[in-house]
file run-v4.json (JSON, C-alpha atoms)
[["chain", "number", "residue", "atom", "x", "y", "z"],
["A", 42, "MET", "CA", 48.66, 16.03, -35.18],
["A", 43, "LYS", "CA", 47.08, 12.78, -36.41],
["A", 44, "LYS", "CA", 47.17, 11.39, -32.88],
["A", 45, "PHE", "CA", 45.42, 14.49, -31.55],
["A", 46, "VAL", "CA", 42.64, 14.23, -34.14],
["A", 47, "ALA", "CA", 42.26, 10.48, -33.47],
["A", 48, "ILE", "CA", 42.04, 11.07, -29.71],
["A", 49, "MET", "CA", 39.46, 13.85, -30.18],
["A", 50, "MET", "CA", 37.36, 11.61, -32.44],
["A", 51, "LEU", "CA", 37.53, 8.81, -29.88],
["A", 52, "ILE", "CA", 36.46, 11.16, -27.10],
["A", 53, "GLY", "CA", 33.56, 12.38, -29.25],
["A", 54, "ILE", "CA", 32.39, 8.87, -30.05],
["A", 55, "LEU", "CA", 32.62, 7.79, -26.41],
["A", 56, "SER", "CA", 30.68, 10.82, -25.19],
["A", 57, "VAL", "CA", 27.88, 10.18, -27.72],
["A", 58, "CYS", "CA", 27.73, 6.50, -26.72],
["A", 59, "LEU", "CA", 27.64, 7.33, -23.01],
["A", 60, "HIS", "CA", 24.98, 9.99, -23.55],
["A", 61, "ASN", "CA", 22.78, 7.61, -25.52],
["A", 62, "GLN", "CA", 23.18, 4.93, -22.86],
["A", 63, "VAL", "CA", 22.20, 7.35, -20.09],
["A", 64, "VAL", "CA", 19.21, 8.75, -21.99],
["A", 65, "ALA", "CA", 18.00, 5.23, -22.72],
["A", 66, "GLN", "CA", 17.88, 4.51, -19.00],
["A", 67, "ASP", "CA", 15.31, 7.24, -18.25],
["A", 68, "VAL", "CA", 11.92, 5.69, -17.56],
["A", 69, "VAL", "CA", 8.43, 7.15, -17.32],
["A", 70, "THR", "CA", 5.96, 5.08, -15.34],
["A", 71, "LYS", "CA", 2.94, 5.23, -13.01],
["A", 72, "LYS", "CA", 4.20, 2.45, -10.74],
["A", 73, "VAL", "CA", 4.65, 3.81, -7.23],
["A", 74, "SER", "CA", 6.84, 0.78, -6.51],
["A", 75, "GLU", "CA", 9.56, 2.45, -8.65],
["A", 76, "LEU", "CA", 10.00, 5.09, -5.93],
["A", 77, "PRO", "CA", 12.22, 4.64, -2.86],
["A", 78, "GLU", "CA", 10.39, 3.83, 0.38],
["A", 79, "ASN", "CA", 10.88, 7.39, 1.81],
["A", 80, "ALA", "CA", 9.20, 8.91, -1.25],
["A", 81, "ARG", "CA", 6.26, 6.48, -1.09],
["A", 82, "GLU", "CA", 5.74, 7.23, 2.60],
["A", 83, "MET", "CA", 5.90, 10.99, 2.05],
["A", 84, "LEU", "CA", 3.35, 10.83, -0.78],
["A", 85, "SER", "CA", 0.90, 8.68, 1.18],
["A", 86, "LYS", "CA", 1.22, 10.85, 4.30],
["A", 87, "TYR", "CA", 1.06, 14.36, 2.80],
["A", 88, "PHE", "CA", -0.74, 13.81, -0.52],
["A", 89, "PRO", "CA", -3.09, 10.88, 0.25],
["A", 90, "TYR", "CA", -5.88, 11.90, -2.13],
["A", 91, "ALA", "CA", -3.79, 12.79, -5.18],
["A", 92, "LYS", "CA", -3.14, 10.10, -7.75],
["A", 93, "ILE", "CA", 0.15, 9.69, -9.59],
["A", 94, "SER", "CA", -0.02, 11.10, -13.11],
["A", 95, "TYR", "CA", 3.50, 9.94, -13.86],
["A", 96, "ILE", "CA", 6.91, 9.23, -12.36],
["A", 97, "LYS", "CA", 10.00, 10.05, -14.38],
["A", 98, "VAL", "CA", 13.03, 8.08, -13.22],
["A", 99, "ASP", "CA", 16.21, 9.91, -14.27],
["A", 100, "LYS", "CA", 19.53, 8.10, -14.22],
["A", 101, "ASP", "CA", 22.43, 10.37, -15.01],
["A", 102, "LEU", "CA", 25.99, 9.88, -16.14],
["A", 103, "PHE", "CA", 27.32, 9.47, -12.60],
["A", 104, "LEU", "CA", 24.86, 6.66, -11.90],
["A", 105, "THR", "CA", 22.71, 8.69, -9.53],
["A", 106, "THR", "CA", 18.97, 8.44, -9.78],
["A", 107, "SER", "CA", 16.36, 11.12, -9.26],
["A", 108, "TYR", "CA", 12.60, 10.94, -9.45],
["A", 109, "ASP", "CA", 10.23, 13.56, -10.81],
["A", 110, "VAL", "CA", 6.65, 12.91, -9.72],
["A", 111, "LYS", "CA", 3.58, 14.65, -11.10],
["A", 112, "LEU", "CA", 0.32, 14.23, -9.20],
["A", 113, "SER", "CA", -3.22, 14.47, -10.52],
["A", 114, "ASP", "CA", -3.77, 17.79, -8.70],
["A", 115, "GLY", "CA", -0.84, 19.36, -10.60],
["A", 116, "THR", "CA", 1.68, 19.07, -7.76],
["A", 117, "GLU", "CA", 5.23, 18.28, -8.87],
["A", 118, "ILE", "CA", 7.73, 16.74, -6.46],
["A", 119, "ASP", "CA", 11.39, 15.96, -7.10],
["A", 120, "PHE", "CA", 13.09, 13.26, -5.02],
["A", 121, "ASN", "CA", 16.74, 12.24, -4.77],
["A", 122, "SER", "CA", 17.96, 8.65, -4.99],
["A", 123, "LYS", "CA", 17.22, 8.08, -1.28],
["A", 124, "GLY", "CA", 13.63, 9.26, -1.67],
["A", 125, "ASP", "CA", 14.13, 12.57, 0.14],
["A", 126, "TRP", "CA", 12.21, 15.44, -1.43],
["A", 127, "LEU", "CA", 14.25, 18.19, -3.06],
["A", 128, "GLU", "CA", 11.48, 20.37, -4.44],
["A", 129, "ILE", "CA", 7.72, 20.53, -4.00],
["A", 130, "ASP", "CA", 5.71, 22.71, -6.36],
["A", 131, "CYS", "CA", 2.02, 22.73, -5.48],
["A", 132, "GLN", "CA", 1.22, 25.21, -8.28],
["A", 133, "LYS", "CA", -1.35, 27.52, -6.65],
["A", 134, "GLU", "CA", -2.15, 25.22, -3.72],
["A", 135, "VAL", "CA", -0.40, 25.35, -0.33],
["A", 136, "VAL", "CA", 2.61, 23.20, 0.53],
["A", 137, "PRO", "CA", 1.66, 21.04, 3.54],
["A", 138, "ALA", "CA", 2.81, 22.91, 6.65],
["A", 139, "ALA", "CA", 4.45, 19.82, 8.18],
["A", 140, "LEU", "CA", 6.95, 19.78, 5.27],
["A", 141, "ILE", "CA", 8.14, 23.30, 6.07],
["A", 142, "PRO", "CA", 10.78, 23.56, 8.82],
["A", 143, "GLU", "CA", 9.49, 25.09, 12.05],
["A", 144, "SER", "CA", 11.88, 28.06, 11.94],
["A", 145, "ILE", "CA", 10.67, 28.99, 8.44],
["A", 146, "ARG", "CA", 7.02, 28.64, 9.51],
["A", 147, "LYS", "CA", 7.68, 30.99, 12.46],
["A", 148, "TYR", "CA", 9.45, 33.52, 10.26],
["A", 149, "MET", "CA", 6.57, 33.45, 7.77],
["A", 150, "GLU", "CA", 3.97, 33.85, 10.52],
["A", 151, "GLU", "CA", 5.82, 36.88, 11.94],
["A", 152, "ASN", "CA", 6.67, 38.59, 8.64],
["A", 153, "PHE", "CA", 4.24, 37.35, 5.97],
["A", 154, "LYS", "CA", 1.12, 36.42, 7.90],
["A", 155, "GLY", "CA", -1.61, 35.10, 5.63],
["A", 156, "GLN", "CA", 0.69, 34.48, 2.65],
["A", 157, "ARG", "CA", 0.50, 31.02, 1.10],
["A", 158, "ILE", "CA", 3.66, 29.00, 0.40],
["A", 159, "THR", "CA", 3.12, 27.25, -2.94],
["A", 160, "GLU", "CA", 6.63, 25.94, -3.55],
["A", 161, "ILE", "CA", 9.60, 24.87, -1.43],
["A", 162, "GLU", "CA", 13.04, 23.76, -2.54],
["A", 163, "ARG", "CA", 15.91, 22.49, -0.44],
["A", 164, "ASN", "CA", 19.55, 21.78, -1.16],
["A", 165, "ARG", "CA", 22.85, 21.91, 0.69],
["A", 166, "LYS", "CA", 22.75, 25.74, 0.69],
["A", 167, "GLY", "CA", 19.37, 25.89, 2.38],
["A", 168, "TYR", "CA", 15.74, 26.47, 1.46],
["A", 169, "GLN", "CA", 13.92, 28.64, -1.00],
["A", 170, "ILE", "CA", 10.20, 29.16, -0.77],
["A", 171, "THR", "CA", 7.89, 30.76, -3.28],
["A", 172, "LEU", "CA", 4.67, 32.45, -2.23],
["A", 173, "ALA", "CA", 1.40, 32.54, -4.18],
["A", 174, "ASN", "CA", 2.30, 36.10, -5.26],
["A", 175, "ASP", "CA", 5.61, 34.76, -6.77],
["A", 176, "LEU", "CA", 7.76, 36.34, -4.05],
["A", 177, "GLU", "CA", 10.81, 34.15, -3.32],
["A", 178, "ILE", "CA", 12.44, 33.95, 0.10],
["A", 179, "LYS", "CA", 15.74, 32.22, 0.83],
["A", 180, "PHE", "CA", 16.83, 30.60, 4.09],
["A", 181, "ASP", "CA", 20.01, 28.90, 5.22],
["A", 182, "PRO", "CA", 20.02, 25.15, 6.07],
["A", 183, "PHE", "CA", 18.88, 25.97, 9.61],
["A", 184, "GLY", "CA", 15.89, 28.01, 8.43],
["A", 185, "THR", "CA", 17.38, 31.42, 9.16],
["A", 186, "PHE", "CA", 16.28, 34.17, 6.74],
["A", 187, "ILE", "CA", 18.91, 35.14, 4.15],
["A", 188, "LYS", "CA", 17.23, 37.29, 1.52],
["A", 189, "LEU", "CA", 14.11, 38.20, -0.35],
["A", 190, "ASP", "CA", 13.95, 37.98, -4.15],
["A", 191, "LEU", "CA", 11.35, 40.19, -5.78]]

call {"tool": "encode", "arguments": {"input": "run-v4.json", "output": "structure tokens"}}
result
Amino acid sequence: MKKFVAIMMLIGILSVCLHNQVVAQDVVTKKVSELPENAREMLSKYFPYAKISYIKVDKDLFLTTSYDVKLSDGTEIDFNSKGDWLEIDCQKEVVPAALIPESIRKYMEENFKGQRITEIERNRKGYQITLANDLEIKFDPFGTFIKLDL
């Protein structure tokens, strides 16, 4: 029983130490140079007039890095460690059309003509877009419609 308690205490101490080390590695900056090249190129191409409000560099327990960028116009963009965007939230503005896969743009034109896409998220399961009226639409990784969330 004493060994069990000692092992549990050791695990607890190690987890607190690791957590504190990981939290200490998070950085908030305005330096665009902190972003991977892909992220810098994407920002300059699709958001050339918005200034960086801040960049939060998150390093997690498994040594992966992610970047949360907030622009002066309120847009929030999350990037992975390679600089590929994962989520773009333009608040009430429109997500740049070139960032939306062609098949999703066609689907939207046919079924939701005139609706503005204000947010797009992508992951290994596919895409989720949010319209200005808060309607959410999910697509598979190839841009094929899956379902509508009201």

call {"tool": "residues_around", "arguments": {"input": "run-v4.json", "residues": "Ser94 of chain A", "least_positions_apart": "6", "cutoff": "6 Å", "atoms": "only C-alpha atoms", "output": "short mmCIF file (atom, residue, chain, number, x, y, z; two decimals) with C-alpha atoms, in the frame of the given file"}}
result
data_model
loop_
_atom_site.label_atom_id
_atom_site.label_comp_id
_atom_site.auth_asym_id
_atom_site.auth_seq_id
_atom_site.Cartn_x
_atom_site.Cartn_y
_atom_site.Cartn_z
CA LYS A 111 3.58 14.65 -11.10
CA LEU A 112 0.32 14.23 -9.20
CA SER A 113 -3.22 14.47 -10.52
#

call {"tool": "residues_near_point", "arguments": {"input": "run-v4.json", "point": "(-1.9, 13.1, -8.4)", "cutoff": "12 Å", "atoms": "all atoms listed in the file", "output": "number ranges by chain"}}
result
A: 71, 73, 84-85, 87-96, 110-118, 131

call {"tool": "residues_around", "arguments": {"input": "run-v4.json", "residues": "segment 150-156 of chain A", "least_positions_apart": "5", "cutoff": "9 Å", "atoms": "all atoms listed in the file", "output": "ChimeraX atom specification"}}
result
/A:145,172-174

call {"tool": "closest_residue", "arguments": {"input": "run-v4.json", "among": "A:Leu104, A:Ile141, A:Val98, A:Leu76", "to": "Lys123 of chain A", "atoms": "only C-alpha atoms"}}
result
A:Leu76

call {"tool": "closest_residue", "arguments": {"input": "run-v4.json", "among": "A:Leu102, A:Ser144, A:Asp67, A:Trp126", "to": "Asn79 of chain A", "atoms": "all atoms listed in the file"}}
result
A:Trp126

call {"tool": "atom_distance", "arguments": {"input": "run-v4.json", "atom1": "atom CA of Tyr148 of chain A", "atom2": "atom CA of Gln132 of chain A"}}
result
21.9 Å

call {"tool": "atom_distance", "arguments": {"input": "run-v4.json", "atom1": "atom CA of Glu160 of chain A", "atom2": "atom CA of Pro77 of chain A"}}
result
22.0 Å

call {"tool": "closest_residue", "arguments": {"input": "run-v4.json", "among": "A:Lys147, A:Val69, A:Val136, A:Glu82", "to": "Asp109 of chain A", "atoms": "all atoms listed in the file"}}
result
A:Val69

call {"tool": "closest_residue", "arguments": {"input": "run-v4.json", "among": "A:Ala80, A:Ile170, A:Val68, A:Ile187", "to": "Ser122 of chain A", "atoms": "only C-alpha atoms"}}
result
A:Ala80

call {"tool": "atom_distance", "arguments": {"input": "run-v4.json", "atom1": "atom CA of Gly124 of chain A", "atom2": "atom CA of Glu75 of chain A"}}
result
10.6 Å

call {"tool": "residues_around", "arguments": {"input": "run-v4.json", "residues": "Thr185 of chain A", "least_positions_apart": "6", "cutoff": "12 Å", "atoms": "all atoms listed in the file", "output": "PyMOL selection string"}}
result
chain A and resi 142-149+166-169+178-179

call {"tool": "closest_residue", "arguments": {"input": "run-v4.json", "among": "A:Thr159, A:Thr105, A:Thr171, A:Thr70", "to": "Asn121 of chain A", "atoms": "only C-alpha atoms"}}
result
A:Thr105

call {"tool": "closest_residue", "arguments": {"input": "run-v4.json", "among": "A:Val135, A:Leu140, A:Leu176, A:Ile158", "to": "Asp190 of chain A", "atoms": "only C-alpha atoms"}}
result
A:Leu176

call {"tool": "axis_aligned_box", "arguments": {"input": "run-v4.json", "around": "segment 105-119 of chain A", "padding_each_side": "3 Å", "output": "JSON"}}
result
{"center_x": 9.5, "center_y": 13.9, "center_z": -8.8, "size_x": 32.5, "size_y": 16.9, "size_z": 10.6}

call {"tool": "build_atoms", "arguments": {"input": "run-v4.json", "residues": "segment 119-136 of chain A", "atoms": "N, CA and C atoms", "output": "tab-separated table (two decimals), in the coordinates of the input"}}
result
chain	number	residue	atom	x	y	z
A	119	ASP	N	10.13	16.57	-6.69
A	119	ASP	CA	11.39	15.96	-7.10
A	119	ASP	C	12.01	15.28	-5.88
A	120	PHE	N	12.46	14.03	-6.08
A	120	PHE	CA	13.09	13.26	-5.02
A	120	PHE	C	14.50	12.89	-5.45
A	121	ASN	N	15.39	12.75	-4.48
A	121	ASN	CA	16.74	12.24	-4.77
A	121	ASN	C	16.73	10.72	-4.75
A	122	SER	N	17.88	10.11	-4.90
A	122	SER	CA	17.96	8.65	-4.99
A	122	SER	C	17.55	7.95	-3.69
A	123	LYS	N	17.62	8.66	-2.57
A	123	LYS	CA	17.22	8.08	-1.28
A	123	LYS	C	15.72	8.24	-1.02
A	124	GLY	N	15.05	9.02	-1.86
A	124	GLY	CA	13.63	9.26	-1.67
A	124	GLY	C	13.32	10.49	-0.84
A	125	ASP	N	14.33	11.31	-0.58
A	125	ASP	CA	14.13	12.57	0.14
A	125	ASP	C	13.67	13.63	-0.86
A	126	TRP	N	12.67	14.42	-0.50
A	126	TRP	CA	12.21	15.44	-1.43
A	126	TRP	C	13.23	16.55	-1.55
A	127	LEU	N	13.35	17.07	-2.77
A	127	LEU	CA	14.25	18.19	-3.06
A	127	LEU	C	13.44	19.44	-3.39
A	128	GLU	N	12.32	19.24	-4.05
A	128	GLU	CA	11.48	20.37	-4.44
A	128	GLU	C	10.03	19.91	-4.47
A	129	ILE	N	9.16	20.78	-3.96
A	129	ILE	CA	7.72	20.53	-4.00
A	129	ILE	C	7.08	21.77	-4.58
A	130	ASP	N	6.40	21.61	-5.70
A	130	ASP	CA	5.71	22.71	-6.36
A	130	ASP	C	4.23	22.35	-6.42
A	131	CYS	N	3.45	23.01	-5.57
A	131	CYS	CA	2.02	22.73	-5.48
A	131	CYS	C	1.20	23.64	-6.40
A	132	GLN	N	1.86	24.28	-7.35
A	132	GLN	CA	1.22	25.21	-8.28
A	132	GLN	C	0.61	26.35	-7.48
A	133	LYS	N	-0.69	26.44	-7.40
A	133	LYS	CA	-1.35	27.52	-6.65
A	133	LYS	C	-1.91	27.04	-5.32
A	134	GLU	N	-1.72	25.76	-5.00
A	134	GLU	CA	-2.15	25.22	-3.72
A	134	GLU	C	-1.05	25.44	-2.67
A	135	VAL	N	-1.33	25.12	-1.44
A	135	VAL	CA	-0.40	25.35	-0.33
A	135	VAL	C	0.43	24.09	-0.07
A	136	VAL	N	1.73	24.29	0.12
A	136	VAL	CA	2.61	23.20	0.53
A	136	VAL	C	2.18	22.78	1.93
